[in-house]
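Peer 1: If it helps, the file is called model36.cif and holds mmCIF, C-alpha atoms:
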```cif
data_my_file
#
loop_
_atom_site.label_atom_id
_atom_site.label_comp_id
_atom_site.auth_asym_id
_atom_site.auth_seq_id
_atom_site.Cartn_x
_atom_site.Cartn_y
_atom_site.Cartn_z
CA MET A 89 -129.56 -43.47 43.21
CA SER A 90 -130.58 -44.98 46.51
CA ALA A 91 -129.77 -48.51 47.53
CA ALA A 92 -133.31 -49.02 48.74
CA PRO A 93 -135.67 -51.24 46.74
CA ALA A 94 -136.55 -49.53 43.50
CA ALA A 95 -140.17 -50.73 43.49
CA ASN A 96 -140.00 -51.30 39.72
CA PHE A 97 -138.81 -47.88 38.61
CA LEU A 98 -138.60 -49.29 35.08
CA PRO A 99 -141.82 -48.77 33.08
CA ASP A 100 -143.84 -51.86 32.29
CA PHE A 101 -142.68 -52.63 28.75
CA CYS A 102 -144.88 -55.73 28.72
CA ARG A 103 -147.82 -53.45 27.98
CA PRO A 104 -148.51 -52.47 24.34
CA PRO A 105 -148.99 -48.71 25.06
CA ALA A 106 -145.45 -48.42 26.46
CA ILE A 107 -144.00 -50.25 23.44
CA LEU A 108 -145.94 -48.05 21.02
CA GLN A 109 -144.59 -44.94 22.72
CA LEU A 110 -141.03 -46.23 22.36
CA LEU A 111 -141.60 -47.03 18.70
CA LEU A 112 -142.91 -43.52 18.10
CA VAL A 113 -139.85 -42.01 19.77
CA SER A 114 -137.51 -44.24 17.75
CA GLN A 115 -139.27 -43.25 14.51
CA ILE A 116 -138.87 -39.55 15.32
CA LEU A 117 -135.20 -40.21 16.07
CA ALA A 118 -134.82 -42.05 12.73
CA ILE A 119 -136.26 -39.06 10.86
CA LEU A 120 -133.93 -36.65 12.64
CA LEU A 121 -130.89 -38.85 11.97
CA THR A 122 -131.83 -39.18 8.30
CA LEU A 123 -132.25 -35.45 7.83
CA GLY A 124 -128.99 -34.79 9.68
CA LEU A 125 -126.87 -37.08 7.52
CA PRO A 126 -125.14 -35.59 4.46
CA GLY A 127 -126.10 -36.52 0.94
CA GLU A 128 -129.83 -36.97 1.56
CA SER A 129 -132.51 -34.98 -0.24
CA LEU A 130 -135.30 -33.14 1.56
CA ILE A 131 -137.58 -36.13 0.86
CA PRO A 132 -136.10 -39.09 2.79
CA GLY A 133 -135.94 -42.34 0.88
CA THR A 134 -134.25 -45.69 1.33
CA ARG A 135 -131.94 -44.45 4.08
CA LEU A 136 -134.93 -43.53 6.29
CA VAL A 137 -136.43 -47.00 5.82
CA LEU A 138 -133.19 -48.72 6.77
CA ILE A 139 -132.48 -46.50 9.80
CA SER A 140 -136.10 -46.91 10.95
CA LEU A 141 -135.84 -50.70 10.74
CA TYR A 142 -132.54 -50.59 12.60
CA LEU A 143 -133.89 -48.47 15.47
CA HIS A 144 -137.19 -50.36 15.64
CA TRP A 145 -135.37 -53.67 16.06
CA ILE A 146 -133.30 -52.20 18.88
CA THR A 147 -136.46 -50.75 20.46
CA LEU A 148 -138.50 -53.97 20.30
CA LEU A 149 -135.70 -56.21 21.55
CA SER A 150 -134.83 -53.75 24.33
CA ALA A 151 -138.47 -53.54 25.40
CA GLY A 152 -138.73 -57.32 25.56
CA ALA A 153 -135.49 -57.58 27.54
CA LEU A 154 -136.53 -54.86 30.00
CA CYS A 155 -139.93 -56.51 30.42
CA TRP A 156 -138.19 -59.75 31.35
CA LEU A 157 -135.73 -57.92 33.61
CA ARG A 158 -138.38 -55.90 35.45
CA ARG A 159 -140.29 -59.00 36.53
CA ARG A 160 -137.18 -60.74 37.88
CA MET A 161 -135.71 -57.85 39.85
CA VAL A 162 -138.76 -56.64 41.75
CA GLN A 163 -137.03 -56.43 45.13
CA SER A 164 -133.56 -55.47 43.87
CA PRO A 165 -131.95 -52.12 44.76
CA ALA A 166 -132.11 -49.30 42.24
CA TRP A 167 -128.39 -49.35 41.46
CA LEU A 168 -128.48 -53.06 40.57
CA ILE A 169 -131.54 -52.64 38.34
CA SER A 170 -129.87 -49.67 36.64
CA LEU A 171 -126.66 -51.62 36.03
CA ALA A 172 -128.52 -54.65 34.67
CA ALA A 173 -130.74 -52.49 32.44
CA PHE A 174 -127.71 -50.57 31.14
CA CYS A 175 -125.91 -53.80 30.24
CA VAL A 176 -129.04 -55.15 28.54
CA LEU A 177 -129.56 -52.00 26.46
CA LEU A 178 -125.90 -51.87 25.48
CA ALA A 179 -125.83 -55.56 24.55
CA VAL A 180 -128.99 -55.30 22.43
CA SER A 181 -127.65 -52.22 20.62
CA LEU A 182 -124.32 -53.93 19.85
CA ILE A 183 -125.94 -57.18 18.70
CA VAL A 184 -128.34 -55.42 16.33
CA SER A 185 -125.54 -53.14 15.10
CA GLU A 186 -123.25 -56.09 14.41
CA MET A 187 -126.00 -57.84 12.48
CA SER A 188 -126.69 -54.64 10.52
CA PHE A 189 -122.99 -54.18 9.75
CA GLN A 190 -122.57 -57.73 8.47
CA LEU A 191 -125.82 -57.55 6.47
CA GLY A 192 -124.74 -54.23 4.97
CA ARG A 193 -121.43 -55.71 3.87
CA LEU A 194 -123.22 -58.70 2.40
CA LEU A 195 -125.60 -56.49 0.41
CA GLY A 196 -122.99 -53.92 -0.44
CA ARG A 197 -124.67 -51.05 1.44
CA ASP A 198 -122.90 -48.63 3.79
CA GLU A 199 -125.78 -46.68 5.33
CA PHE A 200 -124.64 -47.69 8.79
CA SER A 201 -120.91 -48.15 8.63
CA GLY A 202 -119.95 -45.70 5.92
CA GLU A 203 -116.20 -45.86 5.44
CA GLN A 204 -115.50 -46.80 9.07
CA SER A 205 -113.66 -49.94 10.10
CA HIS A 206 -115.53 -52.68 11.91
CA ALA A 207 -114.00 -51.87 15.30
CA HIS A 208 -114.50 -48.11 14.90
CA PHE A 209 -118.15 -48.65 13.95
CA LEU A 210 -118.87 -50.82 17.00
CA LEU A 211 -116.97 -48.45 19.31
CA ARG A 212 -119.01 -45.52 18.04
CA ILE A 213 -122.27 -47.45 18.49
CA ALA A 214 -121.23 -48.48 22.01
CA LEU A 215 -120.54 -44.85 22.96
CA LEU A 216 -123.85 -43.61 21.53
CA ALA A 217 -125.81 -46.47 23.09
CA SER A 218 -124.17 -45.83 26.48
CA ILE A 219 -125.11 -42.15 26.44
CA VAL A 220 -128.68 -42.81 25.33
CA SER A 221 -129.11 -45.66 27.85
CA LEU A 222 -127.84 -43.57 30.77
CA LEU A 223 -130.11 -40.66 29.84
CA LEU A 224 -133.08 -43.01 29.41
CA LEU A 225 -132.54 -44.77 32.75
CA ARG A 226 -132.09 -41.47 34.53
CA TYR A 227 -135.37 -40.26 33.00
CA PHE A 228 -137.18 -43.45 34.12
CA TYR A 229 -135.86 -43.08 37.66
CA VAL A 230 -136.72 -39.38 37.97
CA MET A 231 -140.22 -39.97 36.60
CA HIS A 232 -140.69 -42.88 39.01
CA ALA A 233 -139.58 -40.73 41.97
CA TRP A 234 -141.86 -37.92 40.84
CA ARG A 235 -144.83 -40.28 40.54
CA ARG A 236 -144.18 -41.68 44.03
CA GLU A 237 -144.05 -38.18 45.47
CA VAL A 238 -147.30 -37.24 43.75
CA GLU A 239 -148.94 -40.44 45.01
CA ALA A 240 -147.73 -39.78 48.56
CA LEU A 241 -149.11 -36.25 48.47
CA ALA A 242 -152.40 -37.53 47.05
CA GLU A 243 -152.64 -40.19 49.78
CA ALA A 244 -151.96 -37.60 52.47
CA ARG A 245 -154.54 -35.25 51.02
CA TYR A 246 -157.09 -38.04 50.71
CA ALA A 247 -156.47 -39.10 54.32
CA ALA A 248 -157.05 -35.50 55.42
CA LEU A 249 -160.31 -35.33 53.47
CA GLN A 250 -161.43 -38.68 54.87
CA ALA A 251 -160.47 -37.64 58.41
CA ARG A 252 -162.55 -34.49 57.96
CA ILE A 253 -165.72 -36.30 56.89
CA ARG A 254 -165.60 -39.15 59.45
CA PRO A 255 -165.98 -36.95 62.57
CA HIS A 256 -168.70 -35.06 60.73
CA PHE A 257 -170.60 -38.30 60.17
CA PHE A 258 -170.05 -39.42 63.77
CA PHE A 259 -171.18 -36.11 65.23
CA ASN A 260 -174.41 -35.99 63.26
CA ALA A 261 -175.23 -39.62 63.98
CA LEU A 262 -174.64 -39.23 67.72
CA ASN A 263 -176.56 -35.97 67.75
CA SER A 264 -179.54 -37.75 66.21
CA VAL A 265 -179.30 -40.58 68.76
CA ALA A 266 -179.21 -38.01 71.58
CA ALA A 267 -182.49 -36.57 70.31
CA LEU A 268 -184.07 -40.06 70.55
CA ILE A 269 -183.08 -40.75 74.14
CA THR A 270 -186.04 -38.90 75.60
CA ILE A 271 -188.46 -40.31 72.99
CA ASN A 272 -187.46 -43.98 72.88
CA PRO A 273 -184.56 -44.85 75.22
CA GLY A 274 -184.60 -48.53 74.36
CA ARG A 275 -184.38 -47.92 70.63
CA ALA A 276 -181.72 -45.26 71.18
CA GLU A 277 -179.60 -47.81 73.05
CA GLU A 278 -179.95 -50.31 70.21
CA LEU A 279 -178.89 -47.66 67.70
CA LEU A 280 -175.87 -46.75 69.81
CA GLU A 281 -174.78 -50.39 69.72
CA ASP A 282 -175.25 -50.47 65.94
CA LEU A 283 -173.29 -47.25 65.58
CA SER A 284 -170.44 -48.53 67.74
CA GLU A 285 -170.01 -51.50 65.42
CA LEU A 286 -170.28 -49.25 62.40
CA PHE A 287 -167.72 -46.76 63.71
CA ARG A 288 -165.33 -49.55 64.64
CA ALA A 289 -165.49 -50.94 61.09
CA ILE A 290 -164.93 -47.50 59.55
CA LEU A 291 -161.99 -46.62 61.80
CA LYS A 292 -160.30 -49.97 61.20
CA SER A 293 -160.58 -49.71 57.44
CA GLN A 294 -157.42 -48.43 55.74
CA ASP A 295 -158.81 -49.05 52.28
CA PRO A 296 -160.24 -45.94 50.60
CA TRP A 297 -162.70 -48.17 48.73
CA THR A 298 -165.60 -50.28 49.94
CA ARG A 299 -168.18 -52.56 48.38
CA LEU A 300 -171.52 -51.07 47.43
CA LYS A 301 -173.41 -53.40 49.76
CA ASP A 302 -171.24 -52.30 52.72
CA GLU A 303 -171.72 -48.63 51.85
CA ILE A 304 -175.47 -49.24 51.61
CA ALA A 305 -175.43 -50.98 55.01
CA MET A 306 -173.79 -47.92 56.59
CA ALA A 307 -176.30 -45.67 54.85
CA ARG A 308 -179.22 -47.75 56.15
CA THR A 309 -177.87 -47.52 59.72
CA TYR A 310 -177.71 -43.75 59.46
CA LEU A 311 -181.18 -43.55 57.88
CA ARG A 312 -182.73 -45.70 60.63
CA ILE A 313 -181.70 -42.99 63.08
CA GLU A 314 -183.22 -40.28 60.93
CA GLU A 315 -186.42 -42.31 60.45
CA LEU A 316 -186.92 -42.46 64.21
CA ARG A 317 -186.18 -38.75 64.55
CA LEU A 318 -188.42 -37.57 61.69
CA GLY A 319 -191.06 -40.27 61.88
CA GLU A 320 -193.47 -40.46 58.95
CA ARG A 321 -192.04 -37.26 57.45
CA LEU A 322 -189.14 -39.29 56.06
CA ARG A 323 -190.01 -41.90 53.46
CA LEU A 324 -187.39 -44.01 51.70
CA GLU A 325 -187.39 -45.58 48.26
CA TRP A 326 -184.55 -47.95 47.39
CA GLN A 327 -183.73 -49.17 43.88
CA VAL A 328 -180.42 -50.98 44.33
CA PRO A 329 -180.11 -54.31 42.45
CA GLN A 330 -178.25 -57.07 44.29
CA ALA A 331 -176.21 -57.68 41.14
CA LEU A 332 -174.26 -54.51 41.96
CA ASP A 333 -173.38 -55.49 45.56
CA GLU A 334 -169.72 -56.30 44.90
CA LEU A 335 -168.91 -53.16 42.89
CA ARG A 336 -166.50 -50.82 44.64
CA LEU A 337 -166.74 -47.13 45.37
CA PRO A 338 -165.07 -44.66 47.79
CA LEU A 339 -165.83 -45.15 51.48
CA LEU A 340 -168.40 -42.81 53.06
CA CYS A 341 -169.49 -41.05 49.89
CA LEU A 342 -173.22 -41.82 50.13
CA GLN A 343 -173.92 -40.72 53.70
CA PRO A 344 -173.05 -37.02 53.16
CA LEU A 345 -175.35 -36.95 50.14
CA LEU A 346 -178.17 -38.58 52.12
CA GLU A 347 -177.59 -36.13 54.94
CA ASN A 348 -177.81 -33.20 52.54
CA GLY A 349 -181.07 -34.53 51.15
CA ILE A 350 -182.57 -34.79 54.64
CA TYR A 351 -181.22 -31.66 56.32
CA HIS A 352 -181.54 -29.26 53.37
CA GLY A 353 -184.60 -30.78 51.76
CA ILE A 354 -187.00 -33.08 53.58
CA GLU A 355 -186.51 -31.67 57.09
CA GLN A 356 -187.32 -28.17 55.84
CA ARG A 357 -190.73 -29.29 54.58
CA PRO A 358 -193.58 -29.62 57.12
CA GLU A 359 -195.01 -32.57 55.20
CA GLY A 360 -191.59 -34.19 54.72
CA GLY A 361 -190.92 -36.13 51.56
CA THR A 362 -189.44 -39.20 49.88
CA LEU A 363 -185.70 -39.78 49.66
CA ARG A 364 -184.93 -41.93 46.61
CA ILE A 365 -181.72 -43.93 46.23
CA GLU A 366 -181.16 -45.57 42.86
CA ALA A 367 -178.10 -47.50 41.67
CA GLN A 368 -177.47 -48.85 38.20
CA ARG A 369 -174.61 -49.80 35.96
CA LYS A 370 -174.18 -47.72 32.83
CA ASN A 371 -171.55 -49.23 30.54
CA ASP A 372 -168.38 -49.30 32.69
CA ASP A 373 -169.66 -46.91 35.37
CA LEU A 374 -171.55 -47.37 38.62
CA CYS A 375 -174.15 -44.61 38.74
CA ILE A 376 -175.90 -43.75 42.03
CA THR A 377 -178.65 -41.13 42.08
CA ILE A 378 -180.05 -39.60 45.29
CA SER A 379 -183.05 -37.34 44.90
CA ASN A 380 -185.26 -35.46 47.36
CA PRO A 381 -187.96 -32.78 47.23
CA LEU A 382 -186.95 -29.18 47.91
CA PRO A 383 -188.57 -26.77 50.35
CA PRO A 384 -190.16 -23.62 48.91
CA GLY A 385 -187.72 -20.84 48.00
CA PRO A 386 -184.05 -20.97 47.00
CA ARG A 387 -182.02 -22.64 49.75
CA GLU A 388 -178.64 -24.30 49.75
CA SER A 389 -176.38 -23.91 52.75
CA SER A 390 -172.60 -23.84 52.68
CA GLY A 391 -172.61 -27.17 54.55
CA SER A 392 -174.13 -28.83 51.52
CA ARG A 393 -171.48 -27.43 49.20
CA MET A 394 -168.66 -28.36 51.61
CA ALA A 395 -169.75 -32.02 51.72
CA GLN A 396 -170.06 -32.15 47.94
CA ASP A 397 -166.66 -30.49 47.45
CA ASN A 398 -165.13 -33.05 49.82
CA ILE A 399 -166.55 -35.92 47.76
CA ARG A 400 -165.42 -34.32 44.47
CA GLN A 401 -161.87 -33.88 45.75
CA ARG A 402 -161.71 -37.48 46.92
CA LEU A 403 -163.04 -38.68 43.55
CA ARG A 404 -160.42 -36.61 41.75
CA LEU A 405 -157.61 -38.07 43.87
CA LEU A 406 -158.80 -41.65 43.37
CA TYR A 407 -159.98 -41.59 39.76
CA ASP A 408 -158.60 -38.39 38.14
CA ASP A 409 -161.35 -37.27 35.75
CA ARG A 410 -163.00 -40.69 35.35
CA ALA A 411 -165.49 -40.12 38.20
CA SER A 412 -167.88 -37.28 38.88
CA LEU A 413 -170.50 -35.88 41.23
CA THR A 414 -173.12 -33.70 39.57
CA VAL A 415 -176.17 -32.01 41.10
CA HIS A 416 -179.36 -30.82 39.41
CA ARG A 417 -182.28 -28.67 40.53
CA SER A 418 -185.53 -28.95 38.60
CA GLN A 419 -189.24 -28.66 39.36
CA GLY A 420 -188.88 -28.71 43.12
CA GLU A 421 -186.48 -31.69 43.16
CA TYR A 422 -182.82 -31.87 44.04
CA ARG A 423 -180.83 -34.70 42.47
CA ALA A 424 -177.23 -35.71 43.13
CA GLU A 425 -175.62 -38.20 40.75
CA LEU A 426 -172.44 -40.03 41.71
CA ARG A 427 -170.61 -41.83 38.90
CA VAL A 428 -167.51 -43.98 39.41
CA PRO A 429 -165.76 -46.47 37.09
CA VAL A 430 -166.09 -50.14 38.00
#
```
As structure tokens, how would this structure be written, given the file I've shared?

Peer 2:
Amino acid sequence: MSAAPAANFLPDFCRPPAILQLLLVSQILAILLTLGLPGESLIPGTRLVLISLYLHWITLLSAGALCWLRRRMVQSPAWLISLAAFCVLLAVSLIVSEMSFQLGRLLGRDEFSGEQSHAHFLLRIALLASIVSLLLLRYFYVMHAWRREVEALAEARYAALQARIRPHFFFNALNSVAALITINPGRAEELLEDLSELFRAILKSQDPWTRLKDEIAMARTYLRIEELRLGERLRLEWQVPQALDELRLPLLCLQPLLENGIYHGIEQRPEGGTLRIEAQRKNDDLCITISNPLPPGPRESSGSRMAQDNIRQRLRLLYDDRASLTVHRSQGEYRAELRVPV
């Protein structure tokens, strides 16, 4: 193991799910030990109850000790955490075993010690506990290293996806401003100043998430450009309650959807149309729906699918399967629904 900080390679045994998993493993181990001991019928009885209680006590006390240890050795090297955890697990196993041995003698039961002497019993427990503890700690460390590698790969992939969509946004925004220069130079200059501030904020941000109100502000800046370019052909309808302003969602996930609605929907219609943006909270999810009218005939360019695939991949990296982007076509309307947990 490396001498670098371990970054808490021990699981968080302060959380009930981790403790329940350990109890389940210890119960399976108790069943296997009971069935493997001689003199027991196919239907386990008292011996299973006693071995289960014995292993559950070791499990609960070990989980509590490791929970305490994890919080006090956050910046310690991996080898020191491993040594401390090994000593804790061994000490807990020996203490519980000693108590079980003495209680068994007092009650006249030999499920644990059998015909062994006191010293031989504790030596055997120490050997078994050492082997199990070393295997367990090695498993925790390998799983921690694997998770860190997966997270690093996910971060690199997300950065690549984000780097791909930012220049796309910048190019389209600047292209729209260029089209305005001959029509309204003064307004085009104002928009360039707005865009410079917007781009600076986006490039400085290292956080993959942003607040809904900040994402809406970026979307409004982009839509102001498109309103000047398309004129009365582009109409906007916002339904975004202020109560949702502080909810977080991935950066730059609305603008590609708005762009799709304009370029592949409203712009293709001579009469234009209304772009609707609606946000609401449904249980524990933030749900944003963007809808636009469709031009006559079946049309959907590869650019639309590429932008949507980019958003879906970023959602998968950030939320696994807890977020989604779905699209629907019905009665001349195209609707994209973005759903993220809050």

Peer 1: Between A:Leu283, A:Leu324, A:Ile119, A:Leu98, which one has atoms that come closest to A:Tyr227, using all atoms listed in the file?

Peer 2: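 Looking at the shortest contact to A:Tyr227, the residue is A:Leu98.
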
Peer 1: Separation of atom CA of A:Ala118 and atom CA of A:Ser140, in Å?

Peer 2: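 Separating atom CA of A:Ala118 from atom CA of A:Ser140 is a distance of 5.3 Å.
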
Peer 1: Tell me, in Å to one decimal, how far atom CA of A:Ile146 is from atom CA of A:Ala166.

Peer 2: 23.6 Å

Peer 1: Under the PyMOL selection byres ((chain A and resi 183) around 12), which residues of this model are included? Write them out as a PDB file with C-alpha atoms, in the frame of the given file.

Peer 2:
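The resulting file, part01.pdb, is shown below:
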```
ATOM      1  CA  TYR A 142    -132.540 -50.590  12.600  1.00  0.00           C
ATOM      2  CA  TRP A 145    -135.370 -53.670  16.060  1.00  0.00           C
ATOM      3  CA  ILE A 146    -133.300 -52.200  18.880  1.00  0.00           C
ATOM      4  CA  LEU A 149    -135.700 -56.210  21.550  1.00  0.00           C
ATOM      5  CA  SER A 150    -134.830 -53.750  24.330  1.00  0.00           C
ATOM      6  CA  VAL A 176    -129.040 -55.150  28.540  1.00  0.00           C
ATOM      7  CA  LEU A 177    -129.560 -52.000  26.460  1.00  0.00           C
ATOM      8  CA  LEU A 178    -125.900 -51.870  25.480  1.00  0.00           C
ATOM      9  CA  ALA A 179    -125.830 -55.560  24.550  1.00  0.00           C
ATOM     10  CA  VAL A 180    -128.990 -55.300  22.430  1.00  0.00           C
ATOM     11  CA  SER A 181    -127.650 -52.220  20.620  1.00  0.00           C
ATOM     12  CA  LEU A 182    -124.320 -53.930  19.850  1.00  0.00           C
ATOM     13  CA  VAL A 184    -128.340 -55.420  16.330  1.00  0.00           C
ATOM     14  CA  SER A 185    -125.540 -53.140  15.100  1.00  0.00           C
ATOM     15  CA  GLU A 186    -123.250 -56.090  14.410  1.00  0.00           C
ATOM     16  CA  MET A 187    -126.000 -57.840  12.480  1.00  0.00           C
ATOM     17  CA  SER A 188    -126.690 -54.640  10.520  1.00  0.00           C
ATOM     18  CA  PHE A 189    -122.990 -54.180   9.750  1.00  0.00           C
ATOM     19  CA  GLN A 190    -122.570 -57.730   8.470  1.00  0.00           C
ATOM     20  CA  LEU A 210    -118.870 -50.820  17.000  1.00  0.00           C
ATOM     21  CA  ILE A 213    -122.270 -47.450  18.490  1.00  0.00           C
ATOM     22  CA  ALA A 214    -121.230 -48.480  22.010  1.00  0.00           C
ATOM     23  CA  ALA A 217    -125.810 -46.470  23.090  1.00  0.00           C
TER      24      ALA A 217
END
```

Peer 1: Given the point (-177.2, -44.1, 63.8) in the coordinates of this file, which residues lie within 6 Å, counting all atoms listed in the file, and how would they look as a list of chain:residue names?

Peer 2: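 So the residues meeting the distance criterion are A:Ala261, A:Leu279, A:Leu283, A:Thr309, A:Tyr310, A:Ile313.
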
Peer 1: Find the distance between atom CA of A:Cys375 and atom CA of A:Arg393 and write it in Å to one decimal.

Peer 2: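 Separation of atom CA of A:Cys375 and atom CA of A:Arg393: 20.3 Å.
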
Peer 1: Extract, using all atoms listed in the file, all DNA, RNA and protein residues at most 9 Å from stretch 169-171 of chain A, discarding same-chain residues fewer than 2 positions from it, and format them as a PyMOL selection string.

Peer 2: chain A and resi 94+96-98+157-158+161-162+164-167+173-176+222+225-226+229

Peer 1: Spell out the residues picked by the PyMOL selection byres ((chain A and resi 412) around 7) here, as a list in words.

Peer 2: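 Against this file, the PyMOL selection byres ((chain A and resi 412) around 7) returns the residues Arg400, Leu403, Arg410, Ala411, Leu413, Thr414, Leu426, Arg427 and Val428 of chain A.
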
Peer 1: Residues proximal to (-163.6, -36.2, 45.6) were defined as those with any atom within 10 Å of that point in the file's coordinates, counting all atoms listed in the file. Which are they, as a list in words?

Peer 2: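 Residues found, by chain and rising number: Tyr246, Leu249, Gln250, Pro338, Cys341, Ala395, Gln396, Asp397, Asn398, Ile399, Arg400, Gln401, Arg402, Leu403, Arg404, Leu405, Leu406, Tyr407, Asp408, Ala411, Ser412 and Leu413 of chain A.
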
Peer 1: Please determine, counting only C-alpha atoms, which residue among A:Leu316, A:Ala153, A:Gln109, A:Ser205 has the shortest atom-to-atom distance to A:Arg275.

Peer 2: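 Among the listed residues, A:Leu316 lies closest to A:Arg275.
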
Peer 1: With only C-alpha atoms as the atoms that count, which of A:Glu278, A:Glu325, A:Glu314, A:Asp302 lies nearest to A:Asn263?

Peer 2: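 With only C-alpha atoms as the atom set, the closest residue is A:Glu314.
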
Peer 1: Nearest to A:Ile350: which of A:Arg235, A:Arg212, A:Arg321, A:Arg369 is it, counting only C-alpha atoms?

Peer 2: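 Between A:Arg235, A:Arg212, A:Arg321, A:Arg369, the residue approaching A:Ile350 most closely is A:Arg321.
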
Peer 1: Which one is closest to A:Asn371: A:Arg159, A:Pro273, A:Val430, A:Arg193? Count only C-alpha atoms.

Peer 2: A:Val430
